[in-house]
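The file target_37.pdb comes next; it holds PDB, C-alpha atoms and all ligand atoms.
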ATOM      1  CA  MET A  17    -133.146-146.296  75.378
ATOM      2  CA  GLU A  18    -135.274-143.152  75.633
ATOM      3  CA  ALA A  19    -137.830-142.558  72.857
ATOM      4  CA  TYR A  20    -135.876-139.796  71.064
ATOM      5  CA  GLU A  21    -132.639-141.800  71.396
ATOM      6  CA  LYS A  22    -134.353-144.714  69.604
ATOM      7  CA  ILE A  23    -135.453-142.441  66.749
ATOM      8  CA  TYR A  24    -131.941-140.971  66.339
ATOM      9  CA  LYS A  25    -130.522-144.509  66.406
ATOM     10  CA  LEU A  26    -132.958-145.744  63.741
ATOM     11  CA  HIS A  27    -132.039-142.799  61.520
ATOM     12  CA  GLU A  28    -128.333-143.565  61.929
ATOM     13  CA  LEU A  29    -128.832-147.293  61.174
ATOM     14  CA  MET A  30    -130.803-146.454  58.019
ATOM     15  CA  GLU A  31    -128.328-143.811  56.819
ATOM     16  CA  THR A  32    -125.303-146.066  57.361
ATOM     17  CA  LYS A  33    -127.141-149.235  56.246
ATOM     18  CA  THR A  34    -125.918-151.012  59.362
ATOM     19  CA  VAL A  35    -127.508-153.180  62.054
ATOM     20  CA  ALA A  36    -127.526-152.965  65.831
ATOM     21  CA  ASP A  37    -127.072-155.973  68.121
ATOM     22  CA  LEU A  38    -130.154-158.163  68.389
ATOM     23  CA  PRO A  39    -130.130-159.591  71.933
ATOM     24  CA  GLY A  40    -133.215-161.817  71.480
ATOM     25  CA  PRO A  41    -136.336-162.157  69.325
ATOM     26  CA  TYR A  42    -137.075-159.524  66.698
ATOM     27  CA  LYS A  43    -140.158-157.528  65.723
ATOM     28  CA  VAL A  44    -140.863-156.142  62.246
ATOM     29  CA  GLY A  45    -143.033-153.214  61.207
ATOM     30  CA  VAL A  46    -143.971-152.220  57.672
ATOM     31  CA  ASP A  47    -145.344-148.740  56.993
ATOM     32  CA  LEU A  48    -147.033-148.660  53.579
ATOM     33  CA  GLY A  49    -147.356-144.942  52.990
ATOM     34  CA  THR A  50    -148.515-142.586  50.277
ATOM     35  CA  ALA A  51    -144.995-141.307  49.673
ATOM     36  CA  ASP A  52    -142.786-144.107  50.938
ATOM     37  CA  VAL A  53    -142.599-147.660  52.246
ATOM     38  CA  VAL A  54    -140.514-148.224  55.386
ATOM     39  CA  LEU A  55    -139.518-151.536  56.979
ATOM     40  CA  VAL A  56    -138.116-151.447  60.516
ATOM     41  CA  VAL A  57    -136.770-154.235  62.721
ATOM     42  CA  ALA A  58    -136.737-153.707  66.486
ATOM     43  CA  ASP A  59    -135.762-155.873  69.433
ATOM     44  CA  GLU A  60    -138.144-156.985  72.184
ATOM     45  CA  ALA A  61    -137.569-153.721  74.081
ATOM     46  CA  GLY A  62    -138.456-151.685  70.999
ATOM     47  CA  ASN A  63    -134.886-150.613  70.301
ATOM     48  CA  PRO A  64    -134.210-150.264  66.567
ATOM     49  CA  VAL A  65    -132.063-152.953  64.951
ATOM     50  CA  ALA A  66    -132.292-152.096  61.240
ATOM     51  CA  GLY A  67    -134.456-150.283  58.737
ATOM     52  CA  SER A  68    -134.866-149.391  55.110
ATOM     53  CA  LEU A  69    -137.019-146.960  53.089
ATOM     54  CA  ARG A  70    -138.150-146.640  49.453
ATOM     55  CA  TRP A  71    -139.928-143.617  48.013
ATOM     56  CA  ALA A  72    -142.988-145.044  46.257
ATOM     57  CA  SER A  73    -146.481-144.301  44.937
ATOM     58  CA  VAL A  74    -148.224-147.569  45.717
ATOM     59  CA  VAL A  75    -150.635-146.074  48.255
ATOM     60  CA  ARG A  76    -152.974-143.093  47.811
ATOM     61  CA  ASP A  77    -154.721-141.364  50.704
ATOM     62  CA  GLY A  78    -153.926-144.352  52.889
ATOM     63  CA  LEU A  79    -155.304-146.939  50.434
ATOM     64  CA  VAL A  80    -153.184-149.483  48.542
ATOM     65  CA  VAL A  81    -153.624-148.670  44.828
ATOM     66  CA  ASP A  82    -150.770-150.771  43.399
ATOM     67  CA  PHE A  83    -150.874-154.105  45.207
ATOM     68  CA  ARG A  84    -148.144-155.811  43.167
ATOM     69  CA  GLY A  85    -145.868-152.769  43.282
ATOM     70  CA  ALA A  86    -146.278-152.545  47.061
ATOM     71  CA  MET A  87    -145.549-156.260  47.463
ATOM     72  CA  LEU A  88    -142.392-156.064  45.359
ATOM     73  CA  ILE A  89    -141.099-153.108  47.378
ATOM     74  CA  VAL A  90    -141.715-154.901  50.682
ATOM     75  CA  GLU A  91    -139.965-157.975  49.258
ATOM     76  CA  GLU A  92    -136.988-155.806  48.290
ATOM     77  CA  LEU A  93    -136.784-154.052  51.659
ATOM     78  CA  LYS A  94    -137.113-157.397  53.448
ATOM     79  CA  ALA A  95    -134.315-158.960  51.379
ATOM     80  CA  GLU A  96    -132.096-155.929  51.944
ATOM     81  CA  VAL A  97    -132.527-155.952  55.721
ATOM     82  CA  GLU A  98    -132.227-159.754  55.883
ATOM     83  CA  ALA A  99    -128.899-159.589  54.024
ATOM     84  CA  ARG A 100    -127.642-157.018  56.530
ATOM     85  CA  MET A 101    -128.858-159.004  59.542
ATOM     86  CA  GLY A 102    -128.038-162.501  58.266
ATOM     87  CA  ILE A 103    -131.455-163.869  59.285
ATOM     88  CA  THR A 104    -134.821-164.491  57.632
ATOM     89  CA  LEU A 105    -137.706-162.273  58.710
ATOM     90  CA  ASP A 106    -141.013-164.133  58.704
ATOM     91  CA  LYS A 107    -143.609-161.961  60.471
ATOM     92  CA  GLY A 108    -144.490-158.335  60.858
ATOM     93  CA  ALA A 109    -147.003-155.664  61.834
ATOM     94  CA  THR A 110    -148.656-153.092  59.582
ATOM     95  CA  ALA A 111    -150.642-149.901  60.158
ATOM     96  CA  ILE A 112    -153.543-148.053  58.566
ATOM     97  CA  PRO A 113    -154.989-144.564  58.882
ATOM     98  CA  PRO A 114    -157.729-144.501  61.574
ATOM     99  CA  GLY A 115    -161.151-145.293  60.165
ATOM    100  CA  THR A 116    -159.894-147.483  57.298
ATOM    101  CA  VAL A 117    -162.319-150.394  57.052
ATOM    102  CA  GLY A 118    -163.226-153.509  55.046
ATOM    103  CA  ARG A 119    -161.002-154.690  52.225
ATOM    104  CA  ASN A 120    -158.931-151.509  52.384
ATOM    105  CA  ALA A 121    -158.017-152.331  55.968
ATOM    106  CA  LEU A 122    -157.057-155.898  55.003
ATOM    107  CA  ALA A 123    -154.915-154.845  52.032
ATOM    108  CA  CYS A 124    -151.757-153.975  54.004
ATOM    109  CA  GLY A 125    -151.725-157.420  55.641
ATOM    110  CA  HIS A 126    -152.156-159.079  52.225
ATOM    111  CA  VAL A 127    -149.263-157.034  50.825
ATOM    112  CA  ILE A 128    -146.793-158.096  53.493
ATOM    113  CA  ALA A 129    -148.074-161.682  53.396
ATOM    114  CA  GLY A 130    -147.395-161.668  49.635
ATOM    115  CA  ALA A 131    -143.859-160.508  50.421
ATOM    116  CA  GLY A 132    -143.309-163.397  52.846
ATOM    117  CA  LEU A 133    -144.139-161.751  56.175
ATOM    118  CA  GLU A 134    -146.964-163.277  58.186
ATOM    119  CA  PRO A 135    -149.089-160.329  59.369
ATOM    120  CA  VAL A 136    -149.298-160.483  63.159
ATOM    121  CA  CYS A 137    -150.951-157.190  63.979
ATOM    122  CA  GLN A 138    -152.433-154.070  62.379
ATOM    123  CA  VAL A 139    -152.612-150.778  64.270
ATOM    124  CA  ASP A 140    -153.781-147.229  63.612
ATOM    125  CA  GLU A 141    -150.826-145.123  62.405
ATOM    126  CA  PRO A 142    -151.005-142.438  65.123
ATOM    127  CA  VAL A 143    -151.324-145.154  67.770
ATOM    128  CA  ALA A 144    -148.054-146.630  66.496
ATOM    129  CA  ALA A 145    -146.479-143.174  66.660
ATOM    130  CA  ALA A 146    -147.646-142.764  70.265
ATOM    131  CA  ARG A 147    -146.033-146.090  71.133
ATOM    132  CA  ALA A 148    -142.713-145.028  69.606
ATOM    133  CA  LEU A 149    -142.836-141.754  71.549
ATOM    134  CA  GLY A 150    -143.777-143.569  74.755
ATOM    135  CA  ILE A 151    -146.854-141.362  75.153
ATOM    136  CA  THR A 152    -149.680-142.573  77.358
ATOM    137  CA  HIS A 153    -151.381-139.196  77.796
ATOM    138  CA  GLY A 154    -151.549-136.736  74.934
ATOM    139  CA  ILE A 155    -152.497-136.075  71.336
ATOM    140  CA  VAL A 156    -150.481-137.497  68.447
ATOM    141  CA  VAL A 157    -150.982-135.958  65.014
ATOM    142  CA  ASP A 158    -149.500-137.937  62.106
ATOM    143  CA  ILE A 159    -149.178-135.850  58.935
ATOM    144  CA  GLY A 160    -147.967-138.180  56.215
ATOM    145  CA  GLY A 161    -148.063-137.887  52.462
ATOM    146  CA  GLY A 162    -151.777-138.358  51.915
ATOM    147  CA  THR A 163    -153.485-138.234  55.278
ATOM    148  CA  THR A 164    -153.563-136.444  58.610
ATOM    149  CA  GLY A 165    -154.504-138.785  61.438
ATOM    150  CA  ILE A 166    -154.824-138.125  65.144
ATOM    151  CA  ALA A 167    -154.934-140.292  68.224
ATOM    152  CA  VAL A 168    -155.808-139.073  71.720
ATOM    153  CA  LEU A 169    -154.521-141.133  74.624
ATOM    154  CA  ARG A 170    -155.712-140.749  78.221
ATOM    155  CA  ASN A 171    -153.870-142.692  80.924
ATOM    156  CA  GLY A 172    -152.653-145.246  78.377
ATOM    157  CA  GLU A 173    -156.072-145.733  76.823
ATOM    158  CA  LEU A 174    -156.936-144.744  73.268
ATOM    159  CA  VAL A 175    -159.979-142.473  73.591
ATOM    160  CA  PHE A 176    -160.280-140.827  70.168
ATOM    161  CA  THR A 177    -158.984-141.225  66.600
ATOM    162  CA  ALA A 178    -159.743-139.410  63.364
ATOM    163  CA  ASP A 179    -158.280-139.110  59.875
ATOM    164  CA  GLU A 180    -158.595-136.692  56.936
ATOM    165  CA  PRO A 181    -157.096-136.876  53.432
ATOM    166  CA  THR A 182    -154.704-133.914  53.734
ATOM    167  CA  GLY A 183    -150.932-134.273  53.814
ATOM    168  CA  GLY A 184    -147.578-133.602  52.230
ATOM    169  CA  THR A 185    -148.929-134.402  48.768
ATOM    170  CA  HIS A 186    -151.000-131.225  49.010
ATOM    171  CA  VAL A 187    -147.883-129.246  49.950
ATOM    172  CA  SER A 188    -146.165-130.581  46.817
ATOM    173  CA  LEU A 189    -149.196-129.808  44.637
ATOM    174  CA  VAL A 190    -149.151-126.184  45.813
ATOM    175  CA  LEU A 191    -145.409-125.934  45.110
ATOM    176  CA  ALA A 192    -145.889-127.480  41.661
ATOM    177  CA  GLY A 193    -148.552-124.901  40.886
ATOM    178  CA  ALA A 194    -146.640-121.929  42.294
ATOM    179  CA  TYR A 195    -143.326-122.724  40.584
ATOM    180  CA  LYS A 196    -144.926-124.264  37.463
ATOM    181  CA  MET A 197    -143.029-127.532  37.770
ATOM    182  CA  PRO A 198    -143.992-131.238  37.619
ATOM    183  CA  PHE A 199    -145.211-132.810  40.872
ATOM    184  CA  GLU A 200    -142.104-135.040  41.123
ATOM    185  CA  GLU A 201    -139.817-132.000  40.937
ATOM    186  CA  ALA A 202    -141.898-130.217  43.586
ATOM    187  CA  GLU A 203    -141.538-133.272  45.845
ATOM    188  CA  LEU A 204    -137.746-133.102  45.564
ATOM    189  CA  LEU A 205    -137.725-129.333  46.102
ATOM    190  CA  LYS A 206    -139.821-129.799  49.236
ATOM    191  CA  ARG A 207    -137.518-132.477  50.651
ATOM    192  CA  ASP A 208    -134.445-130.232  50.198
ATOM    193  CA  ALA A 209    -133.932-128.636  53.620
ATOM    194  CA  ALA A 210    -131.849-125.851  52.036
ATOM    195  CA  GLN A 211    -135.029-124.640  50.266
ATOM    196  CA  HIS A 212    -137.364-124.676  53.264
ATOM    197  CA  ARG A 213    -136.967-120.961  54.190
ATOM    198  CA  ARG A 214    -137.650-119.926  50.605
ATOM    199  CA  ILE A 215    -140.734-122.103  50.100
ATOM    200  CA  MET A 216    -142.331-121.514  53.524
ATOM    201  CA  PRO A 217    -144.381-118.427  52.472
ATOM    202  CA  VAL A 218    -145.795-120.423  49.532
ATOM    203  CA  ILE A 219    -146.752-123.478  51.573
ATOM    204  CA  LEU A 220    -147.845-121.690  54.752
ATOM    205  CA  PRO A 221    -151.556-121.762  53.771
ATOM    206  CA  VAL A 222    -151.343-125.576  53.505
ATOM    207  CA  ILE A 223    -149.819-125.830  56.988
ATOM    208  CA  GLU A 224    -152.568-123.518  58.275
ATOM    209  CA  LYS A 225    -155.135-125.747  56.580
ATOM    210  CA  MET A 226    -153.639-128.817  58.305
ATOM    211  CA  ALA A 227    -153.909-127.054  61.657
ATOM    212  CA  ALA A 228    -157.541-126.184  60.834
ATOM    213  CA  VAL A 229    -158.225-129.837  59.974
ATOM    214  CA  VAL A 230    -156.874-130.967  63.359
ATOM    215  CA  THR A 231    -158.815-128.195  65.141
ATOM    216  CA  ALA A 232    -162.016-129.399  63.441
ATOM    217  CA  MET A 233    -161.279-133.008  64.434
ATOM    218  CA  LEU A 234    -161.025-131.930  68.067
ATOM    219  CA  ALA A 235    -164.061-129.645  67.990
ATOM    220  CA  GLY A 236    -166.261-130.254  71.026
ATOM    221  CA  GLN A 237    -163.518-132.230  72.807
ATOM    222  CA  GLU A 238    -162.603-129.461  75.284
ATOM    223  CA  GLU A 239    -161.425-132.001  77.846
ATOM    224  CA  TYR A 240    -158.259-132.481  75.762
ATOM    225  CA  HIS A 241    -157.376-128.767  75.675
ATOM    226  CA  ASP A 242    -154.343-129.160  77.957
ATOM    227  CA  TYR A 243    -153.061-132.460  76.552
ATOM    228  CA  PRO A 244    -149.540-132.223  75.081
ATOM    229  CA  VAL A 245    -149.613-132.368  71.268
ATOM    230  CA  TYR A 246    -146.940-134.177  69.220
ATOM    231  CA  VAL A 247    -146.779-133.900  65.438
ATOM    232  CA  VAL A 248    -145.050-136.692  63.483
ATOM    233  CA  GLY A 249    -144.968-137.778  59.826
ATOM    234  CA  GLY A 250    -142.764-136.639  56.964
ATOM    235  CA  THR A 251    -144.486-133.283  56.537
ATOM    236  CA  ALA A 252    -143.284-132.251  60.002
ATOM    237  CA  CYS A 253    -139.687-132.492  58.619
ATOM    238  CA  LEU A 254    -140.200-129.040  57.078
ATOM    239  CA  GLN A 255    -138.024-126.526  58.898
ATOM    240  CA  GLY A 256    -140.251-123.992  60.575
ATOM    241  CA  PHE A 257    -143.183-126.427  60.591
ATOM    242  CA  GLU A 258    -143.333-126.679  64.400
ATOM    243  CA  THR A 259    -143.521-122.877  64.806
ATOM    244  CA  GLU A 260    -146.033-122.257  62.023
ATOM    245  CA  PHE A 261    -148.290-125.174  62.927
ATOM    246  CA  SER A 262    -148.259-124.096  66.608
ATOM    247  CA  LYS A 263    -149.242-120.528  65.619
ATOM    248  CA  ALA A 264    -152.080-121.689  63.393
ATOM    249  CA  PHE A 265    -153.272-124.321  65.863
ATOM    250  CA  GLY A 266    -153.154-121.869  68.771
ATOM    251  CA  ARG A 267    -151.281-124.341  70.961
ATOM    252  CA  LYS A 268    -147.617-125.251  71.261
ATOM    253  CA  VAL A 269    -146.946-128.555  69.519
ATOM    254  CA  HIS A 270    -143.820-130.716  69.722
ATOM    255  CA  VAL A 271    -142.097-132.223  66.690
ATOM    256  CA  PRO A 272    -139.735-135.092  67.601
ATOM    257  CA  PRO A 273    -136.476-135.707  65.724
ATOM    258  CA  HIS A 274    -136.821-137.399  62.310
ATOM    259  CA  PRO A 275    -140.639-137.281  62.451
ATOM    260  CA  LEU A 276    -140.932-139.456  59.330
ATOM    261  CA  LEU A 277    -139.443-142.424  61.215
ATOM    262  CA  VAL A 278    -141.620-142.267  64.333
ATOM    263  CA  THR A 279    -144.652-144.173  62.993
ATOM    264  CA  PRO A 280    -142.560-146.900  61.274
ATOM    265  CA  LEU A 281    -140.613-147.481  64.515
ATOM    266  CA  GLY A 282    -143.873-147.641  66.465
ATOM    267  CA  ILE A 283    -145.331-150.197  64.032
ATOM    268  CA  ALA A 284    -142.273-152.412  64.578
ATOM    269  CA  MET A 285    -142.910-152.258  68.334
ATOM    270  CA  PHE A 286    -146.251-154.017  67.679
ATOM    271  CA  GLY A 287    -144.613-156.670  65.446
TER     272      GLY A 287
HETATM  273  P1  LIG A 301    -149.546-141.626  54.680
HETATM  274  O1  LIG A 301    -149.305-142.003  56.120
HETATM  275  O2  LIG A 301    -150.337-140.390  54.532
HETATM  276  O3  LIG A 301    -150.043-142.728  53.822
HETATM  277  P2  LIG A 301    -146.658-141.718  54.369
HETATM  278  O4  LIG A 301    -146.606-142.853  55.337
HETATM  279  O5  LIG A 301    -145.953-141.870  53.071
HETATM  280  O6  LIG A 301    -148.152-141.259  54.063
HETATM  281  P3  LIG A 301    -144.713-140.117  55.771
HETATM  282  O7  LIG A 301    -143.712-141.105  55.334
HETATM  283  O8  LIG A 301    -144.869-139.866  57.206
HETATM  284  O9  LIG A 301    -146.140-140.453  55.129
HETATM  285  O10 LIG A 301    -144.419-138.712  55.082
HETATM  286  C1  LIG A 301    -144.342-138.565  53.695
HETATM  287  C2  LIG A 301    -144.530-137.108  53.354
HETATM  288  O11 LIG A 301    -143.502-136.355  53.969
HETATM  289  C3  LIG A 301    -144.420-136.863  51.852
HETATM  290  O12 LIG A 301    -145.360-135.890  51.455
HETATM  291  C4  LIG A 301    -143.000-136.349  51.702
HETATM  292  O13 LIG A 301    -142.853-135.525  50.584
HETATM  293  C5  LIG A 301    -142.841-135.573  52.990
HETATM  294  N1  LIG A 301    -141.438-135.433  53.374
HETATM  295  C6  LIG A 301    -140.530-136.405  53.524
HETATM  296  N2  LIG A 301    -139.330-135.893  53.872
HETATM  297  C7  LIG A 301    -139.516-134.569  53.930
HETATM  298  C8  LIG A 301    -138.652-133.477  54.212
HETATM  299  N3  LIG A 301    -137.366-133.670  54.514
HETATM  300  N4  LIG A 301    -139.164-132.229  54.173
HETATM  301  C9  LIG A 301    -140.452-132.032  53.876
HETATM  302  N5  LIG A 301    -141.338-133.006  53.592
HETATM  303  C10 LIG A 301    -140.856-134.263  53.619
END

Please rewrite the model in this file as structure tokens.
Ligand code: ATP
Amino acid sequence: MEAYEKIYKLHELMETKTVADLPGPYKVGVDLGTADVVLVVADEAGNPVAGSLRWASVVRDGLVVDFRGAMLIVEELKAEVEARMGITLDKGATAIPPGTVGRNALACGHVIAGAGLEPVCQVDEPVAAARALGITHGIVVDIGGGTTGIAVLRNGELVFTADEPTGGTHVSLVLAGAYKMPFEEAELLKRDAAQHRRIMPVILPVIEKMAAVVTAMLAGQEEYHDYPVYVVGGTACLQGFETEFSKAFGRKVHVPPHPLLVTPLGIAMFG
């Protein structure tokens, strides 16, 4: 399957709560995010087999802040996918924002271990996204709930990563302030595609700020000026995001289908 075909397939499997054929051994990826936790099962070729997502607040700015809550959610997602597949999942990969170190870096592995999945690998989030997109040469920007991470790949080699605490949470905070509503309500408003045209003028400065953050990360790295740029992560789901981010960034960027699912699928490919 082509990269975009895999992402569409994963979305369909998650929406319909179904499973695809599993021709051989499986791989599992768990994305513990600021806004959601996603568990994906893929086959050896990286084709999606099943997946499940829970909106959650167990991670902040890429760091696990509610260990037990995170573990219980992973346990739940694991049980749900196992029931669908009729097998027991016993190992998996996790991911962290680039630059996460020490105990914070170990926390994701401990969470999935607590949920019954032996951690086999931990990757940087944008590196996982690059794997899902099949990119060996280019820049991947992952704008999640709490962080914006980038990975630059040259001829299959990871040559640069960076991460900043700016993401969709900041979009929701601006909406909450502008419309005088609780954060949770702003989150739901933001995820309603029917509202995206209306809210775009309000959130545009945040998108411009994200583009400025990525520009600053790449300052002095002129050699990457002609590398293709892909933006993934839930924030890129906003309609009009690709156009506005490209304008502010001064370069055309590409947003793949269902950008929220790209990193979770990539993590599973490392499982
Ligand atoms: P991080 O990687 O920063 O820890 P995460 O893994 O939770 O966070 P993602 O799952 O990629 O990040 O994206 C979550 C963000 O995307 C949240 O801010 C969420 O509100 C936003 N989001 C999700 N769906 C949509 C949508 N349809 N439209 C706009 N924003 C969305």

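Here CA of Ile155 (chain A) and CA of His27 (chain A) stand 23.7 Å from one another.
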
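Checking A:Gly282, A:Pro113, A:Gly85, A:Gly154 one by one against ligand LIG 301 (chain A), counting all atoms listed in the file, you find the shortest gap at A:Pro113.
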
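For the residues A:Cys124, A:Ala167, A:Val139, A:Leu133, ranking by smallest atom-to-atom distance to Val245 (chain A) using all atoms listed in the file places A:Ala167 first.
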
Can you tell me, as a ChimeraX atom specification, what residues are no more than 10 Å from Cys137 (chain A) when counting all atoms listed in the file, ignoring any on the same chain fewer than 5 positions away? /A:45,107-111,125,283-284,286-287

Name the residues that the PyMOL selection byres (((chain A and resi 202) around 6) and not hetatm) picks from the file above, as an NGL selection string, using the file's chain letters and numbers. :A and (188 or 191-192 or 199-201 or 203-205)

Suppose we keep C-alpha atoms; can you now write the selection as a short mmCIF file (atom, residue, chain, number, x, y, z; two decimals), keeping the file's coordinate frame?
data_model
loop_
_atom_site.label_atom_id
_atom_site.label_comp_id
_atom_site.auth_asym_id
_atom_site.auth_seq_id
_atom_site.Cartn_x
_atom_site.Cartn_y
_atom_site.Cartn_z
CA SER A 188 -146.16 -130.58 46.82
CA LEU A 191 -145.41 -125.93 45.11
CA ALA A 192 -145.89 -127.48 41.66
CA PHE A 199 -145.21 -132.81 40.87
CA GLU A 200 -142.10 -135.04 41.12
CA GLU A 201 -139.82 -132.00 40.94
CA GLU A 203 -141.54 -133.27 45.84
CA LEU A 204 -137.75 -133.10 45.56
CA LEU A 205 -137.72 -129.33 46.10
#

Near Thr116 (chain A), counting all atoms listed in the file, which residues have an atom at most 12 Å away, once you skip same-chain residues fewer than 5 positions from it, shown as a PDB file with C-alpha atoms, in the frame of the given file?
ATOM      1  CA  ASP A  77    -154.721-141.364  50.704  1.00  0.00           C
ATOM      2  CA  GLY A  78    -153.926-144.352  52.889  1.00  0.00           C
ATOM      3  CA  LEU A  79    -155.304-146.939  50.434  1.00  0.00           C
ATOM      4  CA  VAL A  80    -153.184-149.483  48.542  1.00  0.00           C
ATOM      5  CA  ALA A 111    -150.642-149.901  60.158  1.00  0.00           C
ATOM      6  CA  ALA A 121    -158.017-152.331  55.968  1.00  0.00           C
ATOM      7  CA  LEU A 122    -157.057-155.898  55.003  1.00  0.00           C
ATOM      8  CA  ALA A 123    -154.915-154.845  52.032  1.00  0.00           C
ATOM      9  CA  CYS A 124    -151.757-153.975  54.004  1.00  0.00           C
ATOM     10  CA  GLN A 138    -152.433-154.070  62.379  1.00  0.00           C
ATOM     11  CA  VAL A 139    -152.612-150.778  64.270  1.00  0.00           C
ATOM     12  CA  ASP A 140    -153.781-147.229  63.612  1.00  0.00           C
ATOM     13  CA  GLU A 141    -150.826-145.123  62.405  1.00  0.00           C
ATOM     14  CA  THR A 163    -153.485-138.234  55.278  1.00  0.00           C
ATOM     15  CA  GLY A 165    -154.504-138.785  61.438  1.00  0.00           C
ATOM     16  CA  THR A 177    -158.984-141.225  66.600  1.00  0.00           C
ATOM     17  CA  ALA A 178    -159.743-139.410  63.364  1.00  0.00           C
ATOM     18  CA  ASP A 179    -158.280-139.110  59.875  1.00  0.00           C
ATOM     19  CA  GLU A 180    -158.595-136.692  56.936  1.00  0.00           C
ATOM     20  CA  PRO A 181    -157.096-136.876  53.432  1.00  0.00           C
TER      21      PRO A 181
END

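Shortest atom-to-atom contact with Leu88 (chain A) among A:Ala58, A:Ile219, A:Ile103, A:Leu48: A:Leu48, counting all atoms listed in the file.
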
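Across the chains present, the PyMOL selection byres (((chain A and resi 241) around 12) and not hetatm) applied to this file returns Gly154, Ile155, Val168, Thr231, Leu234, Ala235, Gly236, Gln237, Glu238, Glu239, Tyr240, Asp242, Tyr243, Pro244, Val245, Phe265, Gly266, Arg267 and Lys268 of chain A.
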
Box time for region 55-63 of chain A: axis-aligned, enclosing all its listed atoms, 6 Å extra on each side; report centre and edge lengths in Å to one decimal, as JSON.
{"center_x": -137.2, "center_y": -153.8, "center_z": 65.5, "size_x": 16.6, "size_y": 18.4, "size_z": 29.1}

If you take only C-alpha atoms and all ligand atoms and a cut-off of 6 Å, which residues of chain A touch ligand LIG 301 (chain A), and what are their nearest atom pairs and distances in Å to one decimal, in chain and number order, as CSV?
residue,atom,partner,partner_atom,distance
A:Gly49,CA,A:LIG301,O4,3.2
A:Thr50,CA,A:LIG301,O5,3.9
A:Ala51,CA,A:LIG301,O5,3.6
A:Asp52,CA,A:LIG301,O5,4.4
A:Asp77,CA,A:LIG301,O3,5.8
A:Gly78,CA,A:LIG301,O3,4.3
A:Gly160,CA,A:LIG301,O9,3.1
A:Gly161,CA,A:LIG301,O12,3.5
A:Gly162,CA,A:LIG301,O2,3.6
A:Thr163,CA,A:LIG301,O2,3.9
A:Gly184,CA,A:LIG301,O12,3.3
A:Thr185,CA,A:LIG301,O12,4.7
A:Glu203,CA,A:LIG301,O13,5.4
A:Lys206,CA,A:LIG301,C9,5.2
A:Arg207,CA,A:LIG301,C8,3.9
A:Gly249,CA,A:LIG301,O8,3.4
A:Gly250,CA,A:LIG301,O11,3.1
A:Thr251,CA,A:LIG301,O11,4.1
A:Cys253,CA,A:LIG301,N4,4.5
A:Leu254,CA,A:LIG301,C9,4.4
A:Leu276,CA,A:LIG301,O8,4.5
